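Worksheet: the structure to be examined is printed underneath.
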Protein chains: 2
Amino acid sequence: MDERTREHAAVLVEWSARVEAGDDVVLSVGPDAHELAVAVAEELGERGANLLATYDSGEVTRAYLRAHDDEFEAPDHERALLEETDVYLSLGGGRNTSATADVPGETRQAYRSARTAVREARYDTRWVSTVHPTRSLAQQANMSYEEYREFAYDAILRDWESLAEEMDRLKELLDEGSKVRLVSSGTDLTMRIDGRTAVNSAASVAYDSHNLPSGEVFTAPYGTEGEVTFDVPMTIRGEPVRNVRLEFADGEVVDHDAEQGASVIEEVLETDDGARRLGELGVGMNRGIDRYTDNILFDEKMGETVHLAVGRAYDACLPDGESGNDSAVHVDLITDVGEESRLEIDGEVVQRNGSFRWEDGFE
Amino acid sequence: MDERTREHAAVLVEWSARVEAGDDVVLSVGPDAHELAVAVAEELGERGANLLATYDSGEVTRAYLRAHDDEFEAPDHERALLEETDVYLSLGGGRNTSATADVPGETRQAYRSARTAVREARYDTRWVSTVHPTRSLAQQANMSYEEYREFAYDAILRDWESLAEEMDRLKELLDEGSKVRLVSSGTDLTMRIDGRTAVNSAASVAYDSHNLPSGEVFTAPYGTEGEVTFDVPMTIRGEPVRNVRLEFADGEVVDHDAEQGASVIEEVLETDDGARRLGELGVGMNRGIDRYTDNILFDEKMGETVHLAVGRAYDACLPDGESGNDSAVHVDLITDVGEESRLEIDGEVVQRNGSFRWEDGFE
């Protein structure tokens, strides 16, 4: 086994999920994530946790969904499982990232709706999502397999403790601040953040962070004004999307266009009221991620990028009891802030041309 | 997909497990049983059942067990899952039938003991075990992959309804009978069966039968006298076993030897009191299985064989409330009755040289 696979498993179990003896763990295994599953199982055995592995195959799901009549029932057995689960580890990694491409949207939506209780029970566990670098993910990233493995492990095997400390600086500034301004090519946007709490997403449940890799600081903005252009290419609902431009007034999108994928953006914005307002402002701080790979798990954490999501806000960012943006969607869009850009909090520049003010090279 | 894989899935879901709309189904998938899992998922979707797939990997289990300190706890989350499960379908099929060969026996035993409640909850479902014909199973059977697939599907894709009718004839004779005598080369054995109920194991939960393929009629004998030689070669606990001979008096093994594997037989017989008494007399009636493949799922159902198990009896064979042989083990041993053999019930020959008395060629 690749030594990096073992290190990945150790980071996931120790740093990310904080697994302890006696924890009831569900390990969701993608069809090509077998090697990582073996390494994680060893870590779980060492810690005396209980292990149940589930099989997360896009091909199995596709066959099931396409054969179904769309009258889905809530799966009580899966809910019962997750209600007794302490830790849920998702090891993504299939053989084809388009394995479910021909499942109709209404079927997906009906299935998703029937699984609300299952999903909520899962969110109540110490859940962490990661991916095993597979050939299919390499293909999606337009990289060779070896190159992709280098890339993925650079992103995953960080010194998380030290990155968490650095990210805490930004979190403090955001927590204390009232107003954020983002200026870049095609972008001049202001957002209110007073009363909101930033999450230091340091790839650990101890930080309310559920992705490995992570490496972003995010909060839930409101009262957005101005315009923003997202120049990082990505795929949304199977459609390539390029250079989306959104214009906000009074917190809502009032105008939008895109070089490519305008119709999918239109579809997203029309979902509900919340879909026209922002739910997230995130600042990517993982410098192990040095290029776009069309995989949101990596892209939104990339150093020198800022992302905004239209739709749902994370509860962790909101005052206790407040529900914030409760849209049914949450769609991230990313902009490169490496050049001719600045991020201001209450008029003070925090990041300029990709460098934070506590870093060498900031001017 | 091989059309036979689809047929296999249909037999499993329809005939074997009698899946209905709304059933909560767990699909346990071996690492190389993916194709069958896809076909079964389609069948489950068509029927409107709920699907959760679990991942049954020997390599994951090995890594977990070897790293563990042997102080296993009962996994509450898995028990909760199975208590809410209606149907449990196990699709065996790994890449190496020896994947857990280096897990110490005491570790297996400790793990097994901690999982008693999980196992009991599973036995309370409509559970069915089958295998997807994999290269590793072909290797175990000493066959090429294509040859093994022919073999496996011949065994699995029977006309189960008609075989169930034929097996019912033998079940009736065993239910009405008091004493069975088996005579063959190196074998002259009598067993009491009065008060016991035979199971027509027709590969369906509707017949109290939980294996696909199946095709055997079995009951729970007692008061065994005489000697028996098991000439079908097999592997028990990783050890090859050849020509085991057991001698019974007053229902108990009083002498035993073997051409090969005597020590593992000794180990089995010493487990507890029940391990020295029979728990099962089974008559193989699946003529789709025409050779030994060192896989008990197939071997014990082979036409023209009889098997006896030392150890635990199945509850279904016993009068209500009676526990019968409750040994911790159940080890099957098989003898070929194709030549110079006869099976008598209360003095009447039911099977001679492999032919039943209702078959052409019986004399």
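Letters for chains follow the order of the structure tokens (A, B, ...), residue numbers begin at 1 for each chain, and ligand numbers begin at 1 in the order shown.
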Check every residue of chain A for an atom within 9 Å of chain B, counting only C-alpha atoms, and provide those that qualify as a ChimeraX atom specification. /A:22-26,28-29,31,34-35,37-57,59-86
Surrounding residues of Gly261 in chain A excluding itself and chain neighbours under 2 positions, 8 Å, only C-alpha atoms, as a PyMOL selection string: chain A and resi 239-242+258-259+263-265
Would you work out the distance separating CA of Ser355 in chain A from CA of Phe248 in chain A, expressed in Å to one decimal? 26.7 Å
Secondary structure check, helix (DSSP H, G or I) residues of range 116-202 of chain B, as a PyMOL selection string: chain B and resi 116-123+135-140+145-156+160-176
May I have the selected residues written with C-alpha atoms, as a PDB file, in the first residue's frame?
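Saved as result-v8.pdb:
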ATOM      1  CA  THR B 116     -24.290 -12.328  18.508  1.00  0.00           C
ATOM      2  CA  ALA B 117     -27.103  -9.759  18.663  1.00  0.00           C
ATOM      3  CA  VAL B 118     -26.258  -8.532  15.147  1.00  0.00           C
ATOM      4  CA  ARG B 119     -26.340 -12.097  13.845  1.00  0.00           C
ATOM      5  CA  GLU B 120     -29.633 -12.877  15.567  1.00  0.00           C
ATOM      6  CA  ALA B 121     -31.209  -9.721  14.166  1.00  0.00           C
ATOM      7  CA  ARG B 122     -30.034 -10.765  10.698  1.00  0.00           C
ATOM      8  CA  TYR B 123     -31.525 -14.250  11.114  1.00  0.00           C
ATOM      9  CA  ARG B 135     -12.383 -15.375 -10.652  1.00  0.00           C
ATOM     10  CA  SER B 136     -11.359 -16.118  -7.085  1.00  0.00           C
ATOM     11  CA  LEU B 137     -14.196 -18.632  -6.650  1.00  0.00           C
ATOM     12  CA  ALA B 138     -13.269 -20.157 -10.022  1.00  0.00           C
ATOM     13  CA  GLN B 139      -9.714 -20.558  -8.753  1.00  0.00           C
ATOM     14  CA  GLN B 140     -10.937 -22.190  -5.530  1.00  0.00           C
ATOM     15  CA  TYR B 145     -13.543 -18.328 -15.148  1.00  0.00           C
ATOM     16  CA  GLU B 146     -15.911 -19.121 -18.038  1.00  0.00           C
ATOM     17  CA  GLU B 147     -16.238 -22.747 -16.961  1.00  0.00           C
ATOM     18  CA  TYR B 148     -17.004 -21.680 -13.419  1.00  0.00           C
ATOM     19  CA  ARG B 149     -19.659 -19.233 -14.548  1.00  0.00           C
ATOM     20  CA  GLU B 150     -21.376 -22.014 -16.524  1.00  0.00           C
ATOM     21  CA  PHE B 151     -21.187 -24.211 -13.448  1.00  0.00           C
ATOM     22  CA  ALA B 152     -22.498 -21.562 -11.032  1.00  0.00           C
ATOM     23  CA  TYR B 153     -25.411 -20.473 -13.220  1.00  0.00           C
ATOM     24  CA  ASP B 154     -26.383 -24.107 -13.871  1.00  0.00           C
ATOM     25  CA  ALA B 155     -26.693 -24.416 -10.097  1.00  0.00           C
ATOM     26  CA  ILE B 156     -28.454 -21.099  -9.526  1.00  0.00           C
ATOM     27  CA  TRP B 160     -37.041 -23.860  -8.529  1.00  0.00           C
ATOM     28  CA  GLU B 161     -40.771 -24.372  -8.483  1.00  0.00           C
ATOM     29  CA  SER B 162     -40.493 -27.812 -10.040  1.00  0.00           C
ATOM     30  CA  LEU B 163     -37.484 -28.771  -7.912  1.00  0.00           C
ATOM     31  CA  ALA B 164     -39.428 -27.664  -4.820  1.00  0.00           C
ATOM     32  CA  GLU B 165     -42.224 -30.061  -5.815  1.00  0.00           C
ATOM     33  CA  GLU B 166     -39.818 -32.950  -6.214  1.00  0.00           C
ATOM     34  CA  MET B 167     -38.093 -32.195  -2.924  1.00  0.00           C
ATOM     35  CA  ASP B 168     -41.469 -32.143  -1.237  1.00  0.00           C
ATOM     36  CA  ARG B 169     -41.779 -35.884  -1.891  1.00  0.00           C
ATOM     37  CA  LEU B 170     -38.662 -36.551   0.134  1.00  0.00           C
ATOM     38  CA  LYS B 171     -39.731 -34.105   2.844  1.00  0.00           C
ATOM     39  CA  GLU B 172     -43.031 -35.977   3.254  1.00  0.00           C
ATOM     40  CA  LEU B 173     -41.251 -39.308   3.599  1.00  0.00           C
ATOM     41  CA  LEU B 174     -38.845 -37.884   6.189  1.00  0.00           C
ATOM     42  CA  ASP B 175     -41.658 -36.182   8.122  1.00  0.00           C
ATOM     43  CA  GLU B 176     -43.636 -39.420   8.316  1.00  0.00           C
TER      44      GLU B 176
END
Identify, on the basis of only C-alpha atoms, every residue whose closest approach to Val349 in chain A does not exceed 10 Å; exclude the query and any residue fewer than 3 positions from it along the same chain; express the result as a list of chain:residue names.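 Within the cut-off, the hits are A:Val180, A:Arg181, A:Leu182, A:Arg342, A:Leu343, A:Glu344, A:Ile345, A:Asp346, A:Arg352, A:Phe356, A:Arg357, A:Glu363.
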Strand (DSSP E) per DSSP on the backbone: members of range 118-327 of chain A, as a PyMOL selection string: chain A and resi 126-131+179-184+187-192+199-201+211-212+216-219+222-230+234-236+239-249+252-260+278-284+305-311
Leu189 in chain A environment, 8 Å, only C-alpha atoms, sequence neighbours closer than 2 positions dropped, as an MDAnalysis selection string: chainID A and resid 181:183 187 191 224:228
Residues within 7 Å of Cys317 in chain A, please, as a ChimeraX atom specification. Count only C-alpha atoms; anything in the same chain fewer than 2 positions from it doesn't count. /A:196-199,219-220,314-315,319
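Take the candidates B:Thr335, B:Asn325, B:Ser98, B:Thr5 and check each one against Arg245 in chain B using only C-alpha atoms; the shortest distance goes to B:Thr335.
Here CA of Ala141 in chain B is placed at a distance of 27.4 Å from CA of Val205 in chain B.
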Measure the distance from CA of Gly223 in chain A to CA of Arg192 in chain A in Å and round it to one decimal.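 According to the coordinates, CA of Gly223 in chain A and CA of Arg192 in chain A are separated by 5.5 Å.
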May I have the residues within 10 Å of Met234 in chain B as a ChimeraX atom specification, using only C-alpha atoms and disregarding those fewer than 6 positions away in the same chain? /B:240-243,261,292-296,299,332-334
